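Below you'll find the structure, written out as structure tokens, and then a few comments.
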Amino acid sequence: MIRITLLTVGKIKEKFYADALAEYAKRLSKYCKLEIVEVSDEKTPDHASDVVCNQIKDKEGERILAKLPKECYVIALAIDGKKYDSVAFANRIDKLAVNGNSQMVFVIGGSLGLSDAVLKRSNEQISFSDMTFPHQLMRVILLEQIYRAYRILNNEPYHK
């Protein structure tokens with residue numbers, strides 16, 4: 001069974017996000033082994049300079065890189081990444097699995113995004129939109145799309 005890890009910066013604070021994540025984790029258990037790994041975020045001061053923002057991303061990035069398994073396929077969520085529709089995303093997950101990538105790690109950065117080191121380590125970068133979403137909500141959106149992908153791949157109905 002394929003292992004999918006969400007490696008994320010920060011903790012889920014709102015119960016409604018936690019409930020949604022738990023629901024999708026339950027649904028996905030039929031298709032893959034899901035793990036959610038959180039690393040702590042850095043406090044970002046108001047009106048932080050670019051230098052400070054990069055230092056924060058670098059610290060969070062070090063924590064992310066420390067949690068990455070050696071043999072895994074890393075997909076970073078980045079606003080400049082490749083965009084997929086749901087069917088193409090499903091096919092991408094399927095192709096990765098068929099090509100022997102038994103562990104996929106999706107990386108979601110903190111409020112400032114991902115460090116250059118994490119982006120460089122990633123095997124690919126994907127984007128869900130040109131819009132910015134709270135990183136907590138992005139977890140829910142990502143799990144929903146992974147669940148939708150498995151439903152598509154298994155020719156199972158799922159509302160559009």
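Labels used: A, B, ... for chains in the order of the structure tokens, numbers from 1 for residues in each chain, and numbers from 1 for ligands as shown.
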
Would you pick out the contacts of stretch 72-80 of chain A at 12 Å or less, using only C-alpha atoms, so that residues sharing its chain but fewer than 6 positions from it are not included, and give the list as a PDB file with N, CA and C atoms, in the first residue's frame?
ATOM      1  N   ILE A   2       0.522   2.192  -0.825  1.00  0.00           N
ATOM      2  CA  ILE A   2       1.259   3.453  -0.935  1.00  0.00           C
ATOM      3  C   ILE A   2       1.186   4.201   0.390  1.00  0.00           C
ATOM      4  N   ARG A   3       2.311   4.811   0.757  1.00  0.00           N
ATOM      5  CA  ARG A   3       2.346   5.645   1.960  1.00  0.00           C
ATOM      6  C   ARG A   3       2.348   7.101   1.522  1.00  0.00           C
ATOM      7  N   ILE A   4       1.423   7.856   2.075  1.00  0.00           N
ATOM      8  CA  ILE A   4       1.349   9.288   1.795  1.00  0.00           C
ATOM      9  C   ILE A   4       1.509  10.028   3.113  1.00  0.00           C
ATOM     10  N   THR A   5       2.438  10.959   3.117  1.00  0.00           N
ATOM     11  CA  THR A   5       2.691  11.771   4.306  1.00  0.00           C
ATOM     12  C   THR A   5       2.423  13.222   3.970  1.00  0.00           C
ATOM     13  N   LEU A   6       1.715  13.903   4.866  1.00  0.00           N
ATOM     14  CA  LEU A   6       1.617  15.352   4.809  1.00  0.00           C
ATOM     15  C   LEU A   6       2.613  15.869   5.835  1.00  0.00           C
ATOM     16  N   LEU A   7       3.612  16.579   5.384  1.00  0.00           N
ATOM     17  CA  LEU A   7       4.615  17.172   6.256  1.00  0.00           C
ATOM     18  C   LEU A   7       4.324  18.664   6.269  1.00  0.00           C
ATOM     19  N   THR A   8       3.892  19.151   7.413  1.00  0.00           N
ATOM     20  CA  THR A   8       3.338  20.500   7.481  1.00  0.00           C
ATOM     21  C   THR A   8       3.970  21.327   8.586  1.00  0.00           C
ATOM     22  N   VAL A   9       3.948  22.628   8.371  1.00  0.00           N
ATOM     23  CA  VAL A   9       4.443  23.573   9.378  1.00  0.00           C
ATOM     24  C   VAL A   9       3.261  24.052  10.207  1.00  0.00           C
ATOM     25  N   GLY A  61      12.305  25.356   7.336  1.00  0.00           N
ATOM     26  CA  GLY A  61      12.816  24.437   6.321  1.00  0.00           C
ATOM     27  C   GLY A  61      13.749  23.391   6.893  1.00  0.00           C
ATOM     28  N   ILE A  64      11.647  20.785   8.451  1.00  0.00           N
ATOM     29  CA  ILE A  64      11.019  19.950   7.416  1.00  0.00           C
ATOM     30  C   ILE A  64      12.028  18.938   6.883  1.00  0.00           C
ATOM     31  N   LEU A  65      13.192  19.409   6.493  1.00  0.00           N
ATOM     32  CA  LEU A  65      14.206  18.527   5.912  1.00  0.00           C
ATOM     33  C   LEU A  65      14.625  17.431   6.885  1.00  0.00           C
ATOM     34  N   PHE A  89      -4.300  15.100 -11.718  1.00  0.00           N
ATOM     35  CA  PHE A  89      -3.674  14.873 -10.417  1.00  0.00           C
ATOM     36  C   PHE A  89      -3.779  13.389 -10.044  1.00  0.00           C
ATOM     37  N   ARG A  92      -1.339  11.523 -12.043  1.00  0.00           N
ATOM     38  CA  ARG A  92       0.037  11.766 -11.570  1.00  0.00           C
ATOM     39  C   ARG A  92       0.347  10.881 -10.362  1.00  0.00           C
ATOM     40  N   ILE A  93      -0.570  10.807  -9.424  1.00  0.00           N
ATOM     41  CA  ILE A  93      -0.373   9.948  -8.246  1.00  0.00           C
ATOM     42  C   ILE A  93      -0.225   8.490  -8.682  1.00  0.00           C
ATOM     43  N   LEU A  96       3.201   7.915 -10.360  1.00  0.00           N
ATOM     44  CA  LEU A  96       4.274   7.861  -9.366  1.00  0.00           C
ATOM     45  C   LEU A  96       4.295   6.506  -8.670  1.00  0.00           C
ATOM     46  N   ALA A  97       3.122   6.004  -8.311  1.00  0.00           N
ATOM     47  CA  ALA A  97       3.032   4.710  -7.631  1.00  0.00           C
ATOM     48  C   ALA A  97       3.497   3.580  -8.546  1.00  0.00           C
ATOM     49  N   ASN A  99       5.538   3.762 -10.952  1.00  0.00           N
ATOM     50  CA  ASN A  99       6.984   3.882 -11.164  1.00  0.00           C
ATOM     51  C   ASN A  99       7.798   3.572  -9.912  1.00  0.00           C
ATOM     52  N   GLY A 100       7.154   3.047  -8.884  1.00  0.00           N
ATOM     53  CA  GLY A 100       7.888   2.573  -7.710  1.00  0.00           C
ATOM     54  C   GLY A 100       8.050   3.561  -6.579  1.00  0.00           C
ATOM     55  N   ASN A 101       7.347   4.677  -6.635  1.00  0.00           N
ATOM     56  CA  ASN A 101       7.418   5.653  -5.543  1.00  0.00           C
ATOM     57  C   ASN A 101       6.393   5.250  -4.481  1.00  0.00           C
ATOM     58  N   SER A 102       6.818   4.397  -3.572  1.00  0.00           N
ATOM     59  CA  SER A 102       5.885   3.849  -2.579  1.00  0.00           C
ATOM     60  C   SER A 102       5.633   4.803  -1.425  1.00  0.00           C
ATOM     61  N   GLN A 103       6.440   5.860  -1.317  1.00  0.00           N
ATOM     62  CA  GLN A 103       6.199   6.864  -0.286  1.00  0.00           C
ATOM     63  C   GLN A 103       6.268   8.248  -0.902  1.00  0.00           C
ATOM     64  N   MET A 104       5.118   8.944  -0.845  1.00  0.00           N
ATOM     65  CA  MET A 104       5.030  10.313  -1.333  1.00  0.00           C
ATOM     66  C   MET A 104       4.853  11.234  -0.138  1.00  0.00           C
ATOM     67  N   VAL A 105       5.617  12.297  -0.116  1.00  0.00           N
ATOM     68  CA  VAL A 105       5.513  13.277   0.961  1.00  0.00           C
ATOM     69  C   VAL A 105       5.098  14.607   0.343  1.00  0.00           C
ATOM     70  N   PHE A 106       3.935  15.094   0.764  1.00  0.00           N
ATOM     71  CA  PHE A 106       3.458  16.409   0.354  1.00  0.00           C
ATOM     72  C   PHE A 106       3.859  17.394   1.438  1.00  0.00           C
ATOM     73  N   VAL A 107       4.545  18.464   1.059  1.00  0.00           N
ATOM     74  CA  VAL A 107       5.052  19.438   2.028  1.00  0.00           C
ATOM     75  C   VAL A 107       4.253  20.732   1.907  1.00  0.00           C
ATOM     76  N   ILE A 108       3.696  21.149   3.037  1.00  0.00           N
ATOM     77  CA  ILE A 108       2.965  22.410   3.116  1.00  0.00           C
ATOM     78  C   ILE A 108       3.717  23.315   4.085  1.00  0.00           C
ATOM     79  N   GLY A 109       4.150  24.456   3.591  1.00  0.00           N
ATOM     80  CA  GLY A 109       4.905  25.381   4.427  1.00  0.00           C
ATOM     81  C   GLY A 109       4.023  26.179   5.360  1.00  0.00           C
ATOM     82  N   GLY A 110       4.660  27.046   6.102  1.00  0.00           N
ATOM     83  CA  GLY A 110       3.951  27.931   7.019  1.00  0.00           C
ATOM     84  C   GLY A 110       3.407  29.145   6.292  1.00  0.00           C
ATOM     85  N   SER A 111       3.076  30.157   7.038  1.00  0.00           N
ATOM     86  CA  SER A 111       2.424  31.334   6.465  1.00  0.00           C
ATOM     87  C   SER A 111       3.306  32.083   5.465  1.00  0.00           C
ATOM     88  N   LEU A 112       4.608  31.893   5.524  1.00  0.00           N
ATOM     89  CA  LEU A 112       5.520  32.575   4.597  1.00  0.00           C
ATOM     90  C   LEU A 112       5.903  31.706   3.403  1.00  0.00           C
ATOM     91  N   GLY A 113       5.486  30.456   3.432  1.00  0.00           N
ATOM     92  CA  GLY A 113       5.847  29.551   2.342  1.00  0.00           C
ATOM     93  C   GLY A 113       6.999  28.647   2.729  1.00  0.00           C
ATOM     94  N   LEU A 114       7.677  28.123   1.715  1.00  0.00           N
ATOM     95  CA  LEU A 114       8.757  27.157   1.921  1.00  0.00           C
ATOM     96  C   LEU A 114      10.122  27.772   1.625  1.00  0.00           C
ATOM     97  N   SER A 115      11.117  27.278   2.320  1.00  0.00           N
ATOM     98  CA  SER A 115      12.485  27.754   2.100  1.00  0.00           C
ATOM     99  C   SER A 115      13.011  27.257   0.754  1.00  0.00           C
ATOM    100  N   ASP A 116      14.022  27.930   0.257  1.00  0.00           N
ATOM    101  CA  ASP A 116      14.654  27.516  -0.998  1.00  0.00           C
ATOM    102  C   ASP A 116      15.216  26.100  -0.873  1.00  0.00           C
ATOM    103  N   ALA A 117      15.739  25.749   0.296  1.00  0.00           N
ATOM    104  CA  ALA A 117      16.316  24.413   0.490  1.00  0.00           C
ATOM    105  C   ALA A 117      15.246  23.326   0.347  1.00  0.00           C
ATOM    106  N   VAL A 118      14.051  23.568   0.870  1.00  0.00           N
ATOM    107  CA  VAL A 118      12.967  22.589   0.747  1.00  0.00           C
ATOM    108  C   VAL A 118      12.518  22.498  -0.707  1.00  0.00           C
ATOM    109  N   LEU A 119      12.380  23.644  -1.366  1.00  0.00           N
ATOM    110  CA  LEU A 119      11.975  23.638  -2.766  1.00  0.00           C
ATOM    111  C   LEU A 119      13.015  22.911  -3.625  1.00  0.00           C
ATOM    112  N   LYS A 120      14.282  23.090  -3.303  1.00  0.00           N
ATOM    113  CA  LYS A 120      15.348  22.425  -4.051  1.00  0.00           C
ATOM    114  C   LYS A 120      15.316  20.913  -3.819  1.00  0.00           C
ATOM    115  N   ARG A 121      14.993  20.483  -2.608  1.00  0.00           N
ATOM    116  CA  ARG A 121      14.931  19.053  -2.284  1.00  0.00           C
ATOM    117  C   ARG A 121      13.710  18.379  -2.906  1.00  0.00           C
ATOM    118  N   SER A 122      12.681  19.141  -3.192  1.00  0.00           N
ATOM    119  CA  SER A 122      11.457  18.544  -3.720  1.00  0.00           C
ATOM    120  C   SER A 122      11.695  17.966  -5.115  1.00  0.00           C
ATOM    121  N   ASN A 123      10.985  16.891  -5.401  1.00  0.00           N
ATOM    122  CA  ASN A 123      11.045  16.290  -6.729  1.00  0.00           C
ATOM    123  C   ASN A 123      10.157  17.048  -7.711  1.00  0.00           C
ATOM    124  N   GLU A 124       9.113  17.652  -7.182  1.00  0.00           N
ATOM    125  CA  GLU A 124       8.253  18.508  -7.991  1.00  0.00           C
ATOM    126  C   GLU A 124       7.496  19.455  -7.084  1.00  0.00           C
ATOM    127  N   GLN A 125       6.976  20.502  -7.713  1.00  0.00           N
ATOM    128  CA  GLN A 125       6.174  21.486  -6.994  1.00  0.00           C
ATOM    129  C   GLN A 125       4.823  21.576  -7.682  1.00  0.00           C
ATOM    130  N   ILE A 126       3.771  21.585  -6.867  1.00  0.00           N
ATOM    131  CA  ILE A 126       2.431  21.718  -7.426  1.00  0.00           C
ATOM    132  C   ILE A 126       1.738  22.906  -6.768  1.00  0.00           C
ATOM    133  N   SER A 127       0.756  23.431  -7.482  1.00  0.00           N
ATOM    134  CA  SER A 127      -0.034  24.542  -6.984  1.00  0.00           C
ATOM    135  C   SER A 127      -1.502  24.213  -7.181  1.00  0.00           C
ATOM    136  N   PHE A 128      -2.308  24.566  -6.219  1.00  0.00           N
ATOM    137  CA  PHE A 128      -3.738  24.361  -6.331  1.00  0.00           C
ATOM    138  C   PHE A 128      -4.449  25.612  -6.833  1.00  0.00           C
ATOM    139  N   SER A 129      -3.765  26.746  -6.783  1.00  0.00           N
ATOM    140  CA  SER A 129      -4.396  27.991  -7.194  1.00  0.00           C
ATOM    141  C   SER A 129      -3.366  29.114  -7.162  1.00  0.00           C
ATOM    142  N   ASP A 130      -3.670  30.196  -7.853  1.00  0.00           N
ATOM    143  CA  ASP A 130      -2.847  31.399  -7.729  1.00  0.00           C
ATOM    144  C   ASP A 130      -3.200  32.154  -6.449  1.00  0.00           C
ATOM    145  N   MET A 131      -4.305  31.761  -5.838  1.00  0.00           N
ATOM    146  CA  MET A 131      -4.721  32.398  -4.589  1.00  0.00           C
ATOM    147  C   MET A 131      -3.912  31.835  -3.428  1.00  0.00           C
ATOM    148  N   THR A 132      -3.896  32.565  -2.341  1.00  0.00           N
ATOM    149  CA  THR A 132      -3.242  32.122  -1.120  1.00  0.00           C
ATOM    150  C   THR A 132      -4.306  31.593  -0.167  1.00  0.00           C
ATOM    151  N   PHE A 133      -4.031  30.425   0.428  1.00  0.00           N
ATOM    152  CA  PHE A 133      -4.942  29.830   1.403  1.00  0.00           C
ATOM    153  C   PHE A 133      -4.221  29.681   2.735  1.00  0.00           C
ATOM    154  N   HIS A 135      -2.572  27.823   5.625  1.00  0.00           N
ATOM    155  CA  HIS A 135      -1.940  26.506   5.503  1.00  0.00           C
ATOM    156  C   HIS A 135      -2.758  25.413   6.190  1.00  0.00           C
ATOM    157  N   MET A 138      -5.318  24.448   3.661  1.00  0.00           N
ATOM    158  CA  MET A 138      -4.665  23.762   2.547  1.00  0.00           C
ATOM    159  C   MET A 138      -4.524  22.274   2.830  1.00  0.00           C
ATOM    160  N   ARG A 139      -4.336  21.907   4.078  1.00  0.00           N
ATOM    161  CA  ARG A 139      -4.269  20.479   4.430  1.00  0.00           C
ATOM    162  C   ARG A 139      -5.570  19.776   4.061  1.00  0.00           C
ATOM    163  N   ILE A 141      -7.859  20.786   1.862  1.00  0.00           N
ATOM    164  CA  ILE A 141      -8.007  20.789   0.405  1.00  0.00           C
ATOM    165  C   ILE A 141      -7.148  19.687  -0.211  1.00  0.00           C
ATOM    166  N   LEU A 142      -5.917  19.555   0.242  1.00  0.00           N
ATOM    167  CA  LEU A 142      -5.020  18.533  -0.294  1.00  0.00           C
ATOM    168  C   LEU A 142      -5.560  17.126  -0.032  1.00  0.00           C
TER     169      LEU A 142
END

Those of chain A in DSSP strand (DSSP E or B), formatted as a PyMOL selection string: chain A and resi 3-9+33-39+73-83+103-108+110+113+124-127

Kindly export the residues of the current selection with C-alpha atoms, as a PDB file, in the first residue's frame.
ATOM      1  CA  ARG A   3       2.346   5.645   1.960  1.00  0.00           C
ATOM      2  CA  ILE A   4       1.349   9.288   1.795  1.00  0.00           C
ATOM      3  CA  THR A   5       2.691  11.771   4.306  1.00  0.00           C
ATOM      4  CA  LEU A   6       1.617  15.352   4.809  1.00  0.00           C
ATOM      5  CA  LEU A   7       4.615  17.172   6.256  1.00  0.00           C
ATOM      6  CA  THR A   8       3.338  20.500   7.481  1.00  0.00           C
ATOM      7  CA  VAL A   9       4.443  23.573   9.378  1.00  0.00           C
ATOM      8  CA  LYS A  33      -1.390   4.609   4.538  1.00  0.00           C
ATOM      9  CA  LEU A  34      -1.678   8.253   5.576  1.00  0.00           C
ATOM     10  CA  GLU A  35       0.509  10.032   8.086  1.00  0.00           C
ATOM     11  CA  ILE A  36       0.445  13.692   9.075  1.00  0.00           C
ATOM     12  CA  VAL A  37       3.690  15.072  10.496  1.00  0.00           C
ATOM     13  CA  GLU A  38       3.822  18.572  11.935  1.00  0.00           C
ATOM     14  CA  VAL A  39       6.885  20.683  12.623  1.00  0.00           C
ATOM     15  CA  TYR A  73       9.179  11.366  -3.446  1.00  0.00           C
ATOM     16  CA  VAL A  74       8.725  14.961  -2.277  1.00  0.00           C
ATOM     17  CA  ILE A  75       5.938  17.124  -3.655  1.00  0.00           C
ATOM     18  CA  ALA A  76       6.090  20.702  -2.390  1.00  0.00           C
ATOM     19  CA  LEU A  77       2.982  22.854  -2.474  1.00  0.00           C
ATOM     20  CA  ALA A  78       4.126  26.148  -3.927  1.00  0.00           C
ATOM     21  CA  ILE A  79       2.160  28.929  -5.571  1.00  0.00           C
ATOM     22  CA  ASP A  80       4.440  28.769  -8.640  1.00  0.00           C
ATOM     23  CA  GLY A  81       4.110  24.983  -8.956  1.00  0.00           C
ATOM     24  CA  LYS A  82       2.432  23.010 -11.730  1.00  0.00           C
ATOM     25  CA  LYS A  83      -1.348  23.066 -11.755  1.00  0.00           C
ATOM     26  CA  GLN A 103       6.199   6.864  -0.286  1.00  0.00           C
ATOM     27  CA  MET A 104       5.030  10.313  -1.333  1.00  0.00           C
ATOM     28  CA  VAL A 105       5.513  13.277   0.961  1.00  0.00           C
ATOM     29  CA  PHE A 106       3.458  16.409   0.354  1.00  0.00           C
ATOM     30  CA  VAL A 107       5.052  19.438   2.028  1.00  0.00           C
ATOM     31  CA  ILE A 108       2.965  22.410   3.116  1.00  0.00           C
ATOM     32  CA  GLY A 110       3.951  27.931   7.019  1.00  0.00           C
ATOM     33  CA  GLY A 113       5.847  29.551   2.342  1.00  0.00           C
ATOM     34  CA  GLU A 124       8.253  18.508  -7.991  1.00  0.00           C
ATOM     35  CA  GLN A 125       6.174  21.486  -6.994  1.00  0.00           C
ATOM     36  CA  ILE A 126       2.431  21.718  -7.426  1.00  0.00           C
ATOM     37  CA  SER A 127      -0.034  24.542  -6.984  1.00  0.00           C
TER      38      SER A 127
END

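For the pair atom CA of A:Asp41 and atom CA of A:Gly10, the interatomic distance is 4.9 Å.
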
Backbone DSSP call of helix (DSSP H, G or I) for chain A, listed as a VMD selection string: chain A and resid 15 to 28 50 to 67 86 to 98 116 to 121 135 to 153

Convert the current residue selection to file output with C-alpha atoms, as a PDB file, in the first residue's frame.
ATOM      1  CA  LYS A  15     -11.586  21.907  15.750  1.00  0.00           C
ATOM      2  CA  PHE A  16     -13.428  22.108  12.427  1.00  0.00           C
ATOM      3  CA  TYR A  17     -10.138  21.678  10.525  1.00  0.00           C
ATOM      4  CA  ALA A  18      -9.148  18.770  12.762  1.00  0.00           C
ATOM      5  CA  ASP A  19     -12.562  17.152  12.218  1.00  0.00           C
ATOM      6  CA  ALA A  20     -12.293  17.523   8.436  1.00  0.00           C
ATOM      7  CA  LEU A  21      -8.774  16.068   8.430  1.00  0.00           C
ATOM      8  CA  ALA A  22      -9.912  13.125  10.550  1.00  0.00           C
ATOM      9  CA  GLU A  23     -12.789  12.449   8.160  1.00  0.00           C
ATOM     10  CA  TYR A  24     -10.538  12.418   5.088  1.00  0.00           C
ATOM     11  CA  ALA A  25      -7.935  10.315   6.918  1.00  0.00           C
ATOM     12  CA  LYS A  26     -10.667   7.767   7.655  1.00  0.00           C
ATOM     13  CA  ARG A  27     -11.836   7.767   4.025  1.00  0.00           C
ATOM     14  CA  LEU A  28      -8.278   7.457   2.701  1.00  0.00           C
ATOM     15  CA  ASP A  50      12.615  40.137   3.763  1.00  0.00           C
ATOM     16  CA  VAL A  51      15.774  39.066   5.610  1.00  0.00           C
ATOM     17  CA  VAL A  52      13.781  38.098   8.714  1.00  0.00           C
ATOM     18  CA  CYS A  53      11.148  36.316   6.607  1.00  0.00           C
ATOM     19  CA  ASN A  54      13.858  34.287   4.858  1.00  0.00           C
ATOM     20  CA  GLN A  55      15.438  33.406   8.214  1.00  0.00           C
ATOM     21  CA  ILE A  56      12.053  32.174   9.439  1.00  0.00           C
ATOM     22  CA  LYS A  57      11.501  30.088   6.294  1.00  0.00           C
ATOM     23  CA  ASP A  58      15.031  28.674   6.648  1.00  0.00           C
ATOM     24  CA  LYS A  59      14.418  27.612  10.272  1.00  0.00           C
ATOM     25  CA  GLU A  60      11.122  25.977   9.362  1.00  0.00           C
ATOM     26  CA  GLY A  61      12.816  24.437   6.321  1.00  0.00           C
ATOM     27  CA  GLU A  62      15.507  22.829   8.484  1.00  0.00           C
ATOM     28  CA  ARG A  63      12.764  21.191  10.562  1.00  0.00           C
ATOM     29  CA  ILE A  64      11.019  19.950   7.416  1.00  0.00           C
ATOM     30  CA  LEU A  65      14.206  18.527   5.912  1.00  0.00           C
ATOM     31  CA  ALA A  66      15.015  16.755   9.183  1.00  0.00           C
ATOM     32  CA  LYS A  67      11.662  14.917   9.005  1.00  0.00           C
ATOM     33  CA  SER A  86      -8.454  16.493 -10.574  1.00  0.00           C
ATOM     34  CA  VAL A  87      -8.148  13.784 -13.236  1.00  0.00           C
ATOM     35  CA  ALA A  88      -4.583  14.784 -14.124  1.00  0.00           C
ATOM     36  CA  PHE A  89      -3.674  14.873 -10.417  1.00  0.00           C
ATOM     37  CA  ALA A  90      -5.117  11.363  -9.997  1.00  0.00           C
ATOM     38  CA  ASN A  91      -3.121  10.158 -12.980  1.00  0.00           C
ATOM     39  CA  ARG A  92       0.037  11.766 -11.570  1.00  0.00           C
ATOM     40  CA  ILE A  93      -0.373   9.948  -8.246  1.00  0.00           C
ATOM     41  CA  ASP A  94      -1.019   6.700 -10.113  1.00  0.00           C
ATOM     42  CA  LYS A  95       2.032   7.151 -12.348  1.00  0.00           C
ATOM     43  CA  LEU A  96       4.274   7.861  -9.366  1.00  0.00           C
ATOM     44  CA  ALA A  97       3.032   4.710  -7.631  1.00  0.00           C
ATOM     45  CA  VAL A  98       3.427   2.570 -10.760  1.00  0.00           C
ATOM     46  CA  ASP A 116      14.654  27.516  -0.998  1.00  0.00           C
ATOM     47  CA  ALA A 117      16.316  24.413   0.490  1.00  0.00           C
ATOM     48  CA  VAL A 118      12.967  22.589   0.747  1.00  0.00           C
ATOM     49  CA  LEU A 119      11.975  23.638  -2.766  1.00  0.00           C
ATOM     50  CA  LYS A 120      15.348  22.425  -4.051  1.00  0.00           C
ATOM     51  CA  ARG A 121      14.931  19.053  -2.284  1.00  0.00           C
ATOM     52  CA  HIS A 135      -1.940  26.506   5.503  1.00  0.00           C
ATOM     53  CA  GLN A 136      -4.405  24.769   7.837  1.00  0.00           C
ATOM     54  CA  LEU A 137      -7.143  24.896   5.193  1.00  0.00           C
ATOM     55  CA  MET A 138      -4.665  23.762   2.547  1.00  0.00           C
ATOM     56  CA  ARG A 139      -4.269  20.479   4.430  1.00  0.00           C
ATOM     57  CA  VAL A 140      -7.991  19.824   4.089  1.00  0.00           C
ATOM     58  CA  ILE A 141      -8.007  20.789   0.405  1.00  0.00           C
ATOM     59  CA  LEU A 142      -5.020  18.533  -0.294  1.00  0.00           C
ATOM     60  CA  LEU A 143      -6.516  15.520   1.497  1.00  0.00           C
ATOM     61  CA  GLU A 144      -9.810  16.041  -0.313  1.00  0.00           C
ATOM     62  CA  GLN A 145      -8.004  16.043  -3.658  1.00  0.00           C
ATOM     63  CA  ILE A 146      -5.992  12.930  -2.764  1.00  0.00           C
ATOM     64  CA  TYR A 147      -9.236  11.212  -1.769  1.00  0.00           C
ATOM     65  CA  ARG A 148     -10.881  12.364  -5.005  1.00  0.00           C
ATOM     66  CA  ALA A 149      -7.857  11.038  -6.928  1.00  0.00           C
ATOM     67  CA  TYR A 150      -8.252   7.577  -5.448  1.00  0.00           C
ATOM     68  CA  ARG A 151     -11.985   7.584  -6.196  1.00  0.00           C
ATOM     69  CA  ILE A 152     -11.205   8.529  -9.809  1.00  0.00           C
ATOM     70  CA  LEU A 153      -8.487   5.867 -10.127  1.00  0.00           C
TER      71      LEU A 153
END

Length of the atom CA of A:Glu71 to atom CA of A:Cys32 vector [Å]: 17.3 Å

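Atom pair atom CA of A:Tyr84 / atom CA of A:Leu68 has a distance of 24.2 Å (rounded to one decimal).
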